[in-house]
Amino acid sequence: MRQSQLFTKTRKEAPKDEVSKNAQLLIRAGYVYKEMAGVYVYLPLGLRVLNKVIAIIRDEMNGIGGQEIVLSALQQKETWEPTNQWSDKEVDVWFKTELKNGTELGLAVTHEAALTKMMKDFISSYRHLPSYAYQFQTKFRNETRAKSGIMRCREFIMKDLYSFSKDQAEHDMFYEKAKQAYVRIFKRIGLGDQTYVTFASGGMFSKFSHEFQTVTDAGEDVIYVSEKKGIAINKEVLTPELLIELGIDKEDLIEKKAVEVGNIFNLATRFSSALDLTYVNESGEKVPVVMGSYGIGPGRVMGAVVECLSDEKGIVWPESIAPFQVHLISLGKEGSVATKKAEELYKTFTDTGVEVLFDDRDVRPGEKFADSDLIGIPMRLVISDKTCAEGKVEVKYRKTGEVLFIEDSKILSVIKK
RNA sequence: CGGGGUAUAGUGUAACGGCUAGCAUUCGUGCUUUGGGAGCAUGCGAUCUGGGUUCGAAUCCCAGUACCCCGACCA
């Protein structure tokens, strides 16, 4: 993509009412636009990152047998009444609306009830289980206080997978597989080092759930990390008994602030019982399906990456989710050798499938460099009269600052696809 | 939902109750310039909304709205 065609532009200063680092940088660099508190628009650059995060999650969900669907954002009152969750007392983050005829509707806070209800049409025998469905869908939550930029929103995309198993043993096996898939997701996204599988409150159906907590001061949760074990415990469930059970010394725990980027938990038969999702087992008995829920917020993940990996100059994207692989910067004047070469290189990249943002704007070098640092694409290539004279291209890595001069003919070989 | 704060061009800011609401940046135009947000000239662009006090309100008071922060909440 040509930067001259990109309708967004960078800013030197962030809006004064954005305090969080993620929102400041994402707005300054032109990734997101704030529509209102807790509601952000994803701009061309931001959508590319979001889609890459989504692609990684999708790949891992498909890898454990997930089947992608899209449920509706508008939900019926009847869907939530069996579990008593239509009540504003039970679920206090509802956005509700109604049809012209007065029928009450809700904007989806989450989807377990809707999917459970739907699955009644498809699950009736043990032969139909286990089954796993997931989606990327917009959730609406009427938070009393949106905060932390794109990390706590009133409208946000969430990946939610729901598992349908014959019994607890089958559920437990999948639960473990899903946990490992989550570990891989955060590793691939570039947050592996600072993200911990965290023991958290399991609600009323199991002792614990597992949260994936990314350590950052921008987070709202307090966790206790055991570096030795590579796991963490949410403050809300930390007890001496648990430490014994996990074989952790209290001295090994370090208190840290963290943001919950994923959560997986056992739903047991809460929804299947309430909504009558049952199947007939081999003995001919009708029994409720055992369910699990597995969530990740791609937008929140994106915010966490910015919080964790940016520096004083701007964002530093991991290669796996950067909006582009390469930031090609031409410093040549119109009609110069450098400009011609940059154009040729741009064509080579686009022809060979290299994702490239081409800064072909007629602005001064300093501005291009500053923008490049702010936008945070992992590899920067500079073409100037100087580099052309040597038959080379300057390569600079955003993360390390390392600079290389590569011969023209070898450029494609240093770019990872 | 409780508490606190803020509201002036696209953005960041200044202005004792009193002069044509100033500065920077952005944006437009022209010239110049081209390896870390250059320079000169010139132009466009603002007091959140509604009441009140006052001879006079960006400034004081009340209400509303929006946003931010702390806490609660996050099924």
# chains A, B, ... in the order shown; residues from 1 in each chain; ligands from 1
$ closest_atom_pairs --of "chain A" --to "chain B" --cutoff "10 Å" --atoms "only C-alpha atoms (C1' of nucleotides)" --output "Markdown table"
| residue | atom | partner | partner_atom | distance |
| --- | --- | --- | --- | --- |
| A:Arg11 | CA | B:U11 | C1' | 7.6 |
| A:Lys12 | CA | B:G37 | C1' | 8.0 |
| A:Glu13 | CA | B:U11 | C1' | 6.6 |
| A:Ala14 | CA | B:U11 | C1' | 7.5 |
| A:Pro15 | CA | B:U11 | C1' | 6.8 |
| A:Lys16 | CA | B:G12 | C1' | 7.8 |
| A:Asp17 | CA | B:C68 | C1' | 5.6 |
| A:Glu18 | CA | B:C68 | C1' | 7.6 |
| A:Val19 | CA | B:C68 | C1' | 7.9 |
| A:Met36 | CA | B:C67 | C1' | 8.7 |
| A:Ala37 | CA | B:C67 | C1' | 7.4 |
| A:Gln85 | CA | B:A75 | C1' | 7.7 |
| A:Lys89 | CA | B:A75 | C1' | 9.4 |
| A:Glu90 | CA | B:A75 | C1' | 6.2 |
| A:Val91 | CA | B:A75 | C1' | 5.2 |
| A:Asp92 | CA | B:A75 | C1' | 7.8 |
| A:Val93 | CA | B:C74 | C1' | 8.5 |
| A:Val109 | CA | B:A75 | C1' | 9.7 |
| A:Thr110 | CA | B:A75 | C1' | 9.9 |
| A:Arg141 | CA | B:C74 | C1' | 9.4 |
| A:Glu143 | CA | B:C74 | C1' | 7.8 |
| A:Thr144 | CA | B:C1 | C1' | 7.4 |
| A:Arg145 | CA | B:C73 | C1' | 8.9 |
| A:Lys147 | CA | B:C68 | C1' | 9.1 |
| A:Arg152 | CA | B:C74 | C1' | 9.8 |
| A:Gly203 | CA | B:A75 | C1' | 9.8 |
| A:Leu331 | CA | B:U34 | C1' | 7.9 |
| A:Gly332 | CA | B:U34 | C1' | 8.5 |
| A:Lys333 | CA | B:U34 | C1' | 7.9 |
| A:Asp362 | CA | B:U34 | C1' | 9.6 |
| A:Val363 | CA | B:U34 | C1' | 8.3 |
| A:Arg364 | CA | B:U34 | C1' | 5.8 |
| A:Pro365 | CA | B:G35 | C1' | 6.1 |
| A:Gly366 | CA | B:G36 | C1' | 4.0 |
| A:Glu367 | CA | B:G37 | C1' | 4.3 |
| A:Lys368 | CA | B:G37 | C1' | 7.9 |
| A:Phe369 | CA | B:G36 | C1' | 6.1 |
| A:Ala370 | CA | B:G37 | C1' | 6.2 |
| A:Asp371 | CA | B:G37 | C1' | 8.2 |
| A:Val382 | CA | B:G35 | C1' | 9.5 |
| A:Ser384 | CA | B:G35 | C1' | 8.2 |
| A:Asp385 | CA | B:G35 | C1' | 9.9 |
| A:Lys386 | CA | B:G35 | C1' | 8.8 |
$ residues_around --residues "G18 of chain B" --least-positions-apart "2" --cutoff "12 Å" --atoms "only C-alpha atoms (C1' of nucleotides)" --output "compact mmCIF listing (two decimals) with N, CA and C atoms (P, O5', C5', C4', C3', O3' and C1' of nucleotides), in the first residue's frame"
# COMPACT_ATOMS: atom_id res chain seq x y z
P C B 16 -6.70 35.80 32.95
O5' C B 16 -6.18 36.90 33.99
C5' C B 16 -5.83 36.49 35.29
C4' C B 16 -6.62 37.25 36.33
C3' C B 16 -8.11 37.34 36.06
O3' C B 16 -8.85 37.22 37.26
C1' C B 16 -7.22 39.51 36.26
P U B 54 -27.90 41.39 38.22
O5' U B 54 -26.56 41.94 37.56
C5' U B 54 -25.45 42.28 38.38
C4' U B 54 -24.25 42.58 37.52
C3' U B 54 -24.51 43.56 36.38
O3' U B 54 -24.49 44.91 36.80
C1' U B 54 -23.28 41.71 35.59
P C B 55 -25.62 45.89 36.23
O5' C B 55 -25.06 46.19 34.78
C5' C B 55 -25.89 46.88 33.82
C4' C B 55 -25.08 47.20 32.59
C3' C B 55 -24.31 46.03 32.01
O3' C B 55 -25.11 45.23 31.16
C1' C B 55 -22.87 47.88 32.20
P G B 56 -25.01 43.63 31.29
O5' G B 56 -23.54 43.35 30.76
C5' G B 56 -23.20 43.62 29.40
C4' G B 56 -21.72 43.45 29.17
C3' G B 56 -21.15 42.09 29.56
O3' G B 56 -21.36 41.13 28.55
C1' G B 56 -19.76 43.81 30.38
P A B 57 -21.60 39.60 28.97
O5' A B 57 -20.23 39.17 29.65
C5' A B 57 -19.00 39.18 28.92
C4' A B 57 -18.25 37.88 29.14
C3' A B 57 -18.97 36.64 28.61
O3' A B 57 -18.00 35.68 28.23
C1' A B 57 -18.74 36.45 30.92
P U B 59 -17.69 31.99 30.89
O5' U B 59 -16.45 32.15 31.87
C5' U B 59 -15.67 31.03 32.27
C4' U B 59 -14.49 31.51 33.07
C3' U B 59 -14.86 32.22 34.36
O3' U B 59 -13.97 31.87 35.39
C1' U B 59 -13.58 33.65 32.99
$ residues_around --residues "G43 of chain B" --least-positions-apart "5" --cutoff "12 Å" --atoms "only C-alpha atoms (C1' of nucleotides)" --output "list of chain:residue names"
B:C27, B:G28, B:U29, B:G30
$ residues_around --residues "Val53 of chain A" --least-positions-apart "5" --cutoff "10 Å" --atoms "only C-alpha atoms (C1' of nucleotides)" --output "ChimeraX atom specification"
/A:47-48,58,185-186,188-189,297-299,301-302,320-322
$ select_by_dssp --residues "segment 47-172 of chain A" --states "strand (DSSP E or B)" --output "NGL selection string"
:A and (67-68 or 74-76 or 95-98 or 104-107 or 125 or 131-140 or 147 or 152 or 155-165)
$ closest_residue --among "A:Ser124, A:Gln67, A:Thr348, A:Asn84" --to "Lys166 of chain A" --atoms "only C-alpha atoms"
A:Ser124
$ select_by_dssp --residues "segment 201-348 of chain A" --states "helix (DSSP H, G or I)" --output "PyMOL selection string"
chain A and resi 235-237+240-246+250-252+270-275+298-309+319-321+337-348
$ decode --residues "segment 20-48 of chain B" --atoms "N, CA and C atoms (P, O5', C5', C4', C3', O3' and C1' of nucleotides)" --output "PDB file, in the first residue's frame"
ATOM      1  P     U B  20     -11.940  45.339  20.915  1.00  0.00           P
ATOM      2  O5'   U B  20     -11.603  44.012  20.116  1.00  0.00           O
ATOM      3  C5'   U B  20     -12.630  43.380  19.346  1.00  0.00           C
ATOM      4  C4'   U B  20     -12.026  42.357  18.433  1.00  0.00           C
ATOM      5  C3'   U B  20     -11.136  41.322  19.135  1.00  0.00           C
ATOM      6  O3'   U B  20     -11.284  40.066  18.481  1.00  0.00           O
ATOM      7  C1'   U B  20      -9.880  42.469  17.498  1.00  0.00           C
ATOM      8  P     A B  21     -11.863  38.806  19.333  1.00  0.00           P
ATOM      9  O5'   A B  21     -10.527  38.051  19.744  1.00  0.00           O
ATOM     10  C5'   A B  21      -9.658  38.602  20.723  1.00  0.00           C
ATOM     11  C4'   A B  21      -8.988  37.495  21.466  1.00  0.00           C
ATOM     12  C3'   A B  21      -8.332  36.424  20.600  1.00  0.00           C
ATOM     13  O3'   A B  21      -7.048  36.807  20.174  1.00  0.00           O
ATOM     14  C1'   A B  21      -9.638  35.392  22.274  1.00  0.00           C
ATOM     15  P     G B  22      -6.592  36.508  18.697  1.00  0.00           P
ATOM     16  O5'   G B  22      -5.045  36.219  18.846  1.00  0.00           O
ATOM     17  C5'   G B  22      -4.172  37.216  19.333  1.00  0.00           C
ATOM     18  C4'   G B  22      -3.114  36.604  20.195  1.00  0.00           C
ATOM     19  C3'   G B  22      -2.333  35.447  19.566  1.00  0.00           C
ATOM     20  O3'   G B  22      -1.347  35.882  18.662  1.00  0.00           O
ATOM     21  C1'   G B  22      -2.960  34.873  21.767  1.00  0.00           C
ATOM     22  P     C B  23      -0.917  34.885  17.481  1.00  0.00           P
ATOM     23  O5'   C B  23      -0.111  33.747  18.247  1.00  0.00           O
ATOM     24  C5'   C B  23       1.065  34.067  18.976  1.00  0.00           C
ATOM     25  C4'   C B  23       1.607  32.833  19.634  1.00  0.00           C
ATOM     26  C3'   C B  23       1.855  31.655  18.711  1.00  0.00           C
ATOM     27  O3'   C B  23       3.064  31.772  17.981  1.00  0.00           O
ATOM     28  C1'   C B  23       0.774  30.905  20.674  1.00  0.00           C
ATOM     29  P     A B  24       3.163  31.049  16.562  1.00  0.00           P
ATOM     30  O5'   A B  24       3.254  29.501  16.922  1.00  0.00           O
ATOM     31  C5'   A B  24       4.381  29.007  17.638  1.00  0.00           C
ATOM     32  C4'   A B  24       4.164  27.555  17.978  1.00  0.00           C
ATOM     33  C3'   A B  24       3.850  26.656  16.790  1.00  0.00           C
ATOM     34  O3'   A B  24       5.007  26.269  16.084  1.00  0.00           O
ATOM     35  C1'   A B  24       2.362  26.188  18.565  1.00  0.00           C
ATOM     36  P     U B  25       4.908  26.005  14.529  1.00  0.00           P
ATOM     37  O5'   U B  25       4.030  24.682  14.433  1.00  0.00           O
ATOM     38  C5'   U B  25       4.556  23.435  14.898  1.00  0.00           C
ATOM     39  C4'   U B  25       3.463  22.409  14.974  1.00  0.00           C
ATOM     40  C3'   U B  25       2.725  22.120  13.668  1.00  0.00           C
ATOM     41  O3'   U B  25       3.439  21.206  12.841  1.00  0.00           O
ATOM     42  C1'   U B  25       1.153  22.410  15.398  1.00  0.00           C
ATOM     43  P     U B  26       3.227  21.243  11.290  1.00  0.00           P
ATOM     44  O5'   U B  26       1.716  20.801  11.105  1.00  0.00           O
ATOM     45  C5'   U B  26       1.323  19.467  11.391  1.00  0.00           C
ATOM     46  C4'   U B  26      -0.171  19.326  11.230  1.00  0.00           C
ATOM     47  C3'   U B  26      -0.717  19.713   9.863  1.00  0.00           C
ATOM     48  O3'   U B  26      -0.571  18.659   8.921  1.00  0.00           O
ATOM     49  C1'   U B  26      -2.065  20.671  11.543  1.00  0.00           C
ATOM     50  P     C B  27      -0.202  19.004   7.448  1.00  0.00           P
ATOM     51  O5'   C B  27      -1.506  19.769   6.937  1.00  0.00           O
ATOM     52  C5'   C B  27      -2.762  19.096   6.861  1.00  0.00           C
ATOM     53  C4'   C B  27      -3.849  20.064   6.479  1.00  0.00           C
ATOM     54  C3'   C B  27      -3.546  20.938   5.268  1.00  0.00           C
ATOM     55  O3'   C B  27      -3.751  20.260   4.045  1.00  0.00           O
ATOM     56  C1'   C B  27      -4.395  22.283   6.998  1.00  0.00           C
ATOM     57  P     G B  28      -2.748  20.595   2.838  1.00  0.00           P
ATOM     58  O5'   G B  28      -3.258  22.020   2.341  1.00  0.00           O
ATOM     59  C5'   G B  28      -4.573  22.156   1.831  1.00  0.00           C
ATOM     60  C4'   G B  28      -4.811  23.569   1.383  1.00  0.00           C
ATOM     61  C3'   G B  28      -3.716  24.192   0.514  1.00  0.00           C
ATOM     62  O3'   G B  28      -3.782  23.751  -0.830  1.00  0.00           O
ATOM     63  C1'   G B  28      -4.416  25.743   2.144  1.00  0.00           C
ATOM     64  P     U B  29      -2.458  23.659  -1.677  1.00  0.00           P
ATOM     65  O5'   U B  29      -2.063  25.186  -1.869  1.00  0.00           O
ATOM     66  C5'   U B  29      -2.881  26.048  -2.650  1.00  0.00           C
ATOM     67  C4'   U B  29      -2.275  27.432  -2.691  1.00  0.00           C
ATOM     68  C3'   U B  29      -0.805  27.494  -3.071  1.00  0.00           C
ATOM     69  O3'   U B  29      -0.590  27.394  -4.473  1.00  0.00           O
ATOM     70  C1'   U B  29      -1.176  28.871  -1.198  1.00  0.00           C
ATOM     71  P     G B  30       0.727  26.661  -4.981  1.00  0.00           P
ATOM     72  O5'   G B  30       1.841  27.769  -4.744  1.00  0.00           O
ATOM     73  C5'   G B  30       1.808  28.990  -5.476  1.00  0.00           C
ATOM     74  C4'   G B  30       2.857  29.940  -4.952  1.00  0.00           C
ATOM     75  C3'   G B  30       4.281  29.401  -4.894  1.00  0.00           C
ATOM     76  O3'   G B  30       4.913  29.393  -6.160  1.00  0.00           O
ATOM     77  C1'   G B  30       3.795  30.560  -2.898  1.00  0.00           C
ATOM     78  P     C B  31       6.066  28.281  -6.441  1.00  0.00           P
ATOM     79  O5'   C B  31       7.296  28.819  -5.580  1.00  0.00           O
ATOM     80  C5'   C B  31       7.986  29.994  -5.994  1.00  0.00           C
ATOM     81  C4'   C B  31       8.925  30.456  -4.908  1.00  0.00           C
ATOM     82  C3'   C B  31      10.070  29.510  -4.554  1.00  0.00           C
ATOM     83  O3'   C B  31      11.148  29.572  -5.484  1.00  0.00           O
ATOM     84  C1'   C B  31       9.088  30.336  -2.572  1.00  0.00           C
ATOM     85  P     U B  32      11.969  28.217  -5.769  1.00  0.00           P
ATOM     86  O5'   U B  32      12.754  27.940  -4.419  1.00  0.00           O
ATOM     87  C5'   U B  32      13.795  28.814  -3.994  1.00  0.00           C
ATOM     88  C4'   U B  32      14.167  28.516  -2.566  1.00  0.00           C
ATOM     89  C3'   U B  32      14.708  27.111  -2.297  1.00  0.00           C
ATOM     90  O3'   U B  32      16.092  26.984  -2.612  1.00  0.00           O
ATOM     91  C1'   U B  32      13.070  27.644  -0.690  1.00  0.00           C
ATOM     92  P     U B  33      16.612  25.549  -3.036  1.00  0.00           P
ATOM     93  O5'   U B  33      16.405  24.645  -1.746  1.00  0.00           O
ATOM     94  C5'   U B  33      17.217  24.840  -0.600  1.00  0.00           C
ATOM     95  C4'   U B  33      16.742  23.959   0.524  1.00  0.00           C
ATOM     96  C3'   U B  33      16.866  22.458   0.281  1.00  0.00           C
ATOM     97  O3'   U B  33      18.179  21.986   0.545  1.00  0.00           O
ATOM     98  C1'   U B  33      14.742  22.943   1.201  1.00  0.00           C
ATOM     99  P     U B  34      18.727  20.774  -0.319  1.00  0.00           P
ATOM    100  O5'   U B  34      18.090  19.505   0.400  1.00  0.00           O
ATOM    101  C5'   U B  34      18.285  19.313   1.801  1.00  0.00           C
ATOM    102  C4'   U B  34      17.508  18.102   2.260  1.00  0.00           C
ATOM    103  C3'   U B  34      17.945  16.792   1.606  1.00  0.00           C
ATOM    104  O3'   U B  34      17.865  15.759   2.567  1.00  0.00           O
ATOM    105  C1'   U B  34      15.645  17.148   1.227  1.00  0.00           C
ATOM    106  P     G B  35      19.227  15.176   3.208  1.00  0.00           P
ATOM    107  O5'   G B  35      18.540  13.938   3.965  1.00  0.00           O
ATOM    108  C5'   G B  35      17.637  14.174   5.031  1.00  0.00           C
ATOM    109  C4'   G B  35      17.979  13.235   6.164  1.00  0.00           C
ATOM    110  C3'   G B  35      19.381  13.404   6.728  1.00  0.00           C
ATOM    111  O3'   G B  35      19.387  13.029   8.083  1.00  0.00           O
ATOM    112  C1'   G B  35      19.144  11.248   5.877  1.00  0.00           C
ATOM    113  P     G B  36      18.919  14.041   9.228  1.00  0.00           P
ATOM    114  O5'   G B  36      17.416  13.543   9.336  1.00  0.00           O
ATOM    115  C5'   G B  36      16.326  14.470   9.416  1.00  0.00           C
ATOM    116  C4'   G B  36      15.515  14.174  10.652  1.00  0.00           C
ATOM    117  C3'   G B  36      16.223  14.497  11.959  1.00  0.00           C
ATOM    118  O3'   G B  36      15.239  14.899  12.909  1.00  0.00           O
ATOM    119  C1'   G B  36      15.652  12.232  11.952  1.00  0.00           C
ATOM    120  P     G B  37      14.810  16.507  12.753  1.00  0.00           P
ATOM    121  O5'   G B  37      13.498  16.345  11.895  1.00  0.00           O
ATOM    122  C5'   G B  37      12.429  15.600  12.407  1.00  0.00           C
ATOM    123  C4'   G B  37      11.194  15.962  11.620  1.00  0.00           C
ATOM    124  C3'   G B  37      10.679  17.376  11.884  1.00  0.00           C
ATOM    125  O3'   G B  37      10.007  17.773  10.709  1.00  0.00           O
ATOM    126  C1'   G B  37       9.037  15.801  12.464  1.00  0.00           C
ATOM    127  P     A B  38      10.705  18.832   9.771  1.00  0.00           P
ATOM    128  O5'   A B  38      11.510  19.783  10.752  1.00  0.00           O
ATOM    129  C5'   A B  38      11.353  21.151  10.697  1.00  0.00           C
ATOM    130  C4'   A B  38      12.629  21.820  10.228  1.00  0.00           C
ATOM    131  C3'   A B  38      12.423  23.272   9.880  1.00  0.00           C
ATOM    132  O3'   A B  38      12.455  24.075  11.050  1.00  0.00           O
ATOM    133  C1'   A B  38      13.609  22.219   8.145  1.00  0.00           C
ATOM    134  P     G B  39      11.312  25.156  11.237  1.00  0.00           P
ATOM    135  O5'   G B  39      11.764  26.257  10.200  1.00  0.00           O
ATOM    136  C5'   G B  39      13.069  26.809  10.284  1.00  0.00           C
ATOM    137  C4'   G B  39      13.326  27.728   9.125  1.00  0.00           C
ATOM    138  C3'   G B  39      12.240  28.757   8.850  1.00  0.00           C
ATOM    139  O3'   G B  39      12.313  29.870   9.728  1.00  0.00           O
ATOM    140  C1'   G B  39      12.923  27.772   6.815  1.00  0.00           C
ATOM    141  P     C B  40      10.963  30.648  10.125  1.00  0.00           P
ATOM    142  O5'   C B  40      10.707  31.545   8.836  1.00  0.00           O
ATOM    143  C5'   C B  40      11.671  32.505   8.431  1.00  0.00           C
ATOM    144  C4'   C B  40      11.292  33.113   7.112  1.00  0.00           C
ATOM    145  C3'   C B  40       9.854  33.616   7.014  1.00  0.00           C
ATOM    146  O3'   C B  40       9.671  34.879   7.626  1.00  0.00           O
ATOM    147  C1'   C B  40      10.382  32.384   5.074  1.00  0.00           C
ATOM    148  P     A B  41       8.262  35.232   8.339  1.00  0.00           P
ATOM    149  O5'   A B  41       7.326  35.434   7.061  1.00  0.00           O
ATOM    150  C5'   A B  41       7.594  36.501   6.156  1.00  0.00           C
ATOM    151  C4'   A B  41       6.709  36.402   4.949  1.00  0.00           C
ATOM    152  C3'   A B  41       5.215  36.322   5.239  1.00  0.00           C
ATOM    153  O3'   A B  41       4.651  37.578   5.553  1.00  0.00           O
ATOM    154  C1'   A B  41       5.793  34.720   3.596  1.00  0.00           C
ATOM    155  P     U B  42       3.463  37.665   6.654  1.00  0.00           P
ATOM    156  O5'   U B  42       2.238  37.046   5.845  1.00  0.00           O
ATOM    157  C5'   U B  42       1.755  37.697   4.664  1.00  0.00           C
ATOM    158  C4'   U B  42       0.801  36.780   3.934  1.00  0.00           C
ATOM    159  C3'   U B  42      -0.371  36.269   4.762  1.00  0.00           C
ATOM    160  O3'   U B  42      -1.417  37.221   4.893  1.00  0.00           O
ATOM    161  C1'   U B  42       0.582  34.475   3.568  1.00  0.00           C
ATOM    162  P     G B  43      -2.363  37.187   6.214  1.00  0.00           P
ATOM    163  O5'   G B  43      -3.351  36.007   5.834  1.00  0.00           O
ATOM    164  C5'   G B  43      -4.200  36.139   4.706  1.00  0.00           C
ATOM    165  C4'   G B  43      -4.828  34.818   4.357  1.00  0.00           C
ATOM    166  C3'   G B  43      -5.709  34.196   5.438  1.00  0.00           C
ATOM    167  O3'   G B  43      -7.001  34.778   5.464  1.00  0.00           O
ATOM    168  C1'   G B  43      -4.301  32.537   4.505  1.00  0.00           C
ATOM    169  P     C B  44      -7.860  34.793   6.827  1.00  0.00           P
ATOM    170  O5'   C B  44      -8.388  33.298   6.885  1.00  0.00           O
ATOM    171  C5'   C B  44      -9.225  32.803   5.850  1.00  0.00           C
ATOM    172  C4'   C B  44      -9.539  31.352   6.082  1.00  0.00           C
ATOM    173  C3'   C B  44     -10.093  31.004   7.448  1.00  0.00           C
ATOM    174  O3'   C B  44     -11.472  31.312   7.558  1.00  0.00           O
ATOM    175  C1'   C B  44      -8.484  29.381   6.785  1.00  0.00           C
ATOM    176  P     G B  45     -12.061  31.852   8.961  1.00  0.00           P
ATOM    177  O5'   G B  45     -11.857  30.589   9.918  1.00  0.00           O
ATOM    178  C5'   G B  45     -12.620  29.401   9.718  1.00  0.00           C
ATOM    179  C4'   G B  45     -12.079  28.307  10.584  1.00  0.00           C
ATOM    180  C3'   G B  45     -12.085  28.610  12.079  1.00  0.00           C
ATOM    181  O3'   G B  45     -13.342  28.338  12.660  1.00  0.00           O
ATOM    182  C1'   G B  45      -9.985  27.711  11.437  1.00  0.00           C
ATOM    183  P     A B  46     -14.029  29.442  13.631  1.00  0.00           P
ATOM    184  O5'   A B  46     -13.692  28.827  15.050  1.00  0.00           O
ATOM    185  C5'   A B  46     -14.254  27.577  15.447  1.00  0.00           C
ATOM    186  C4'   A B  46     -13.883  27.289  16.860  1.00  0.00           C
ATOM    187  C3'   A B  46     -14.499  28.214  17.911  1.00  0.00           C
ATOM    188  O3'   A B  46     -15.802  27.801  18.256  1.00  0.00           O
ATOM    189  C1'   A B  46     -12.187  27.928  18.338  1.00  0.00           C
ATOM    190  P     U B  47     -16.858  28.860  18.785  1.00  0.00           P
ATOM    191  O5'   U B  47     -16.303  29.280  20.213  1.00  0.00           O
ATOM    192  C5'   U B  47     -16.988  28.905  21.396  1.00  0.00           C
ATOM    193  C4'   U B  47     -15.987  28.375  22.390  1.00  0.00           C
ATOM    194  C3'   U B  47     -16.546  28.199  23.802  1.00  0.00           C
ATOM    195  O3'   U B  47     -15.889  27.067  24.387  1.00  0.00           O
ATOM    196  C1'   U B  47     -14.714  29.638  23.866  1.00  0.00           C
ATOM    197  P     C B  48     -16.676  26.195  25.481  1.00  0.00           P
ATOM    198  O5'   C B  48     -17.823  25.500  24.661  1.00  0.00           O
ATOM    199  C5'   C B  48     -17.524  24.665  23.541  1.00  0.00           C
ATOM    200  C4'   C B  48     -18.602  23.627  23.399  1.00  0.00           C
ATOM    201  C3'   C B  48     -20.006  24.137  23.695  1.00  0.00           C
ATOM    202  O3'   C B  48     -20.589  24.758  22.564  1.00  0.00           O
ATOM    203  C1'   C B  48     -19.624  22.108  24.864  1.00  0.00           C
TER     204        C B  48
END
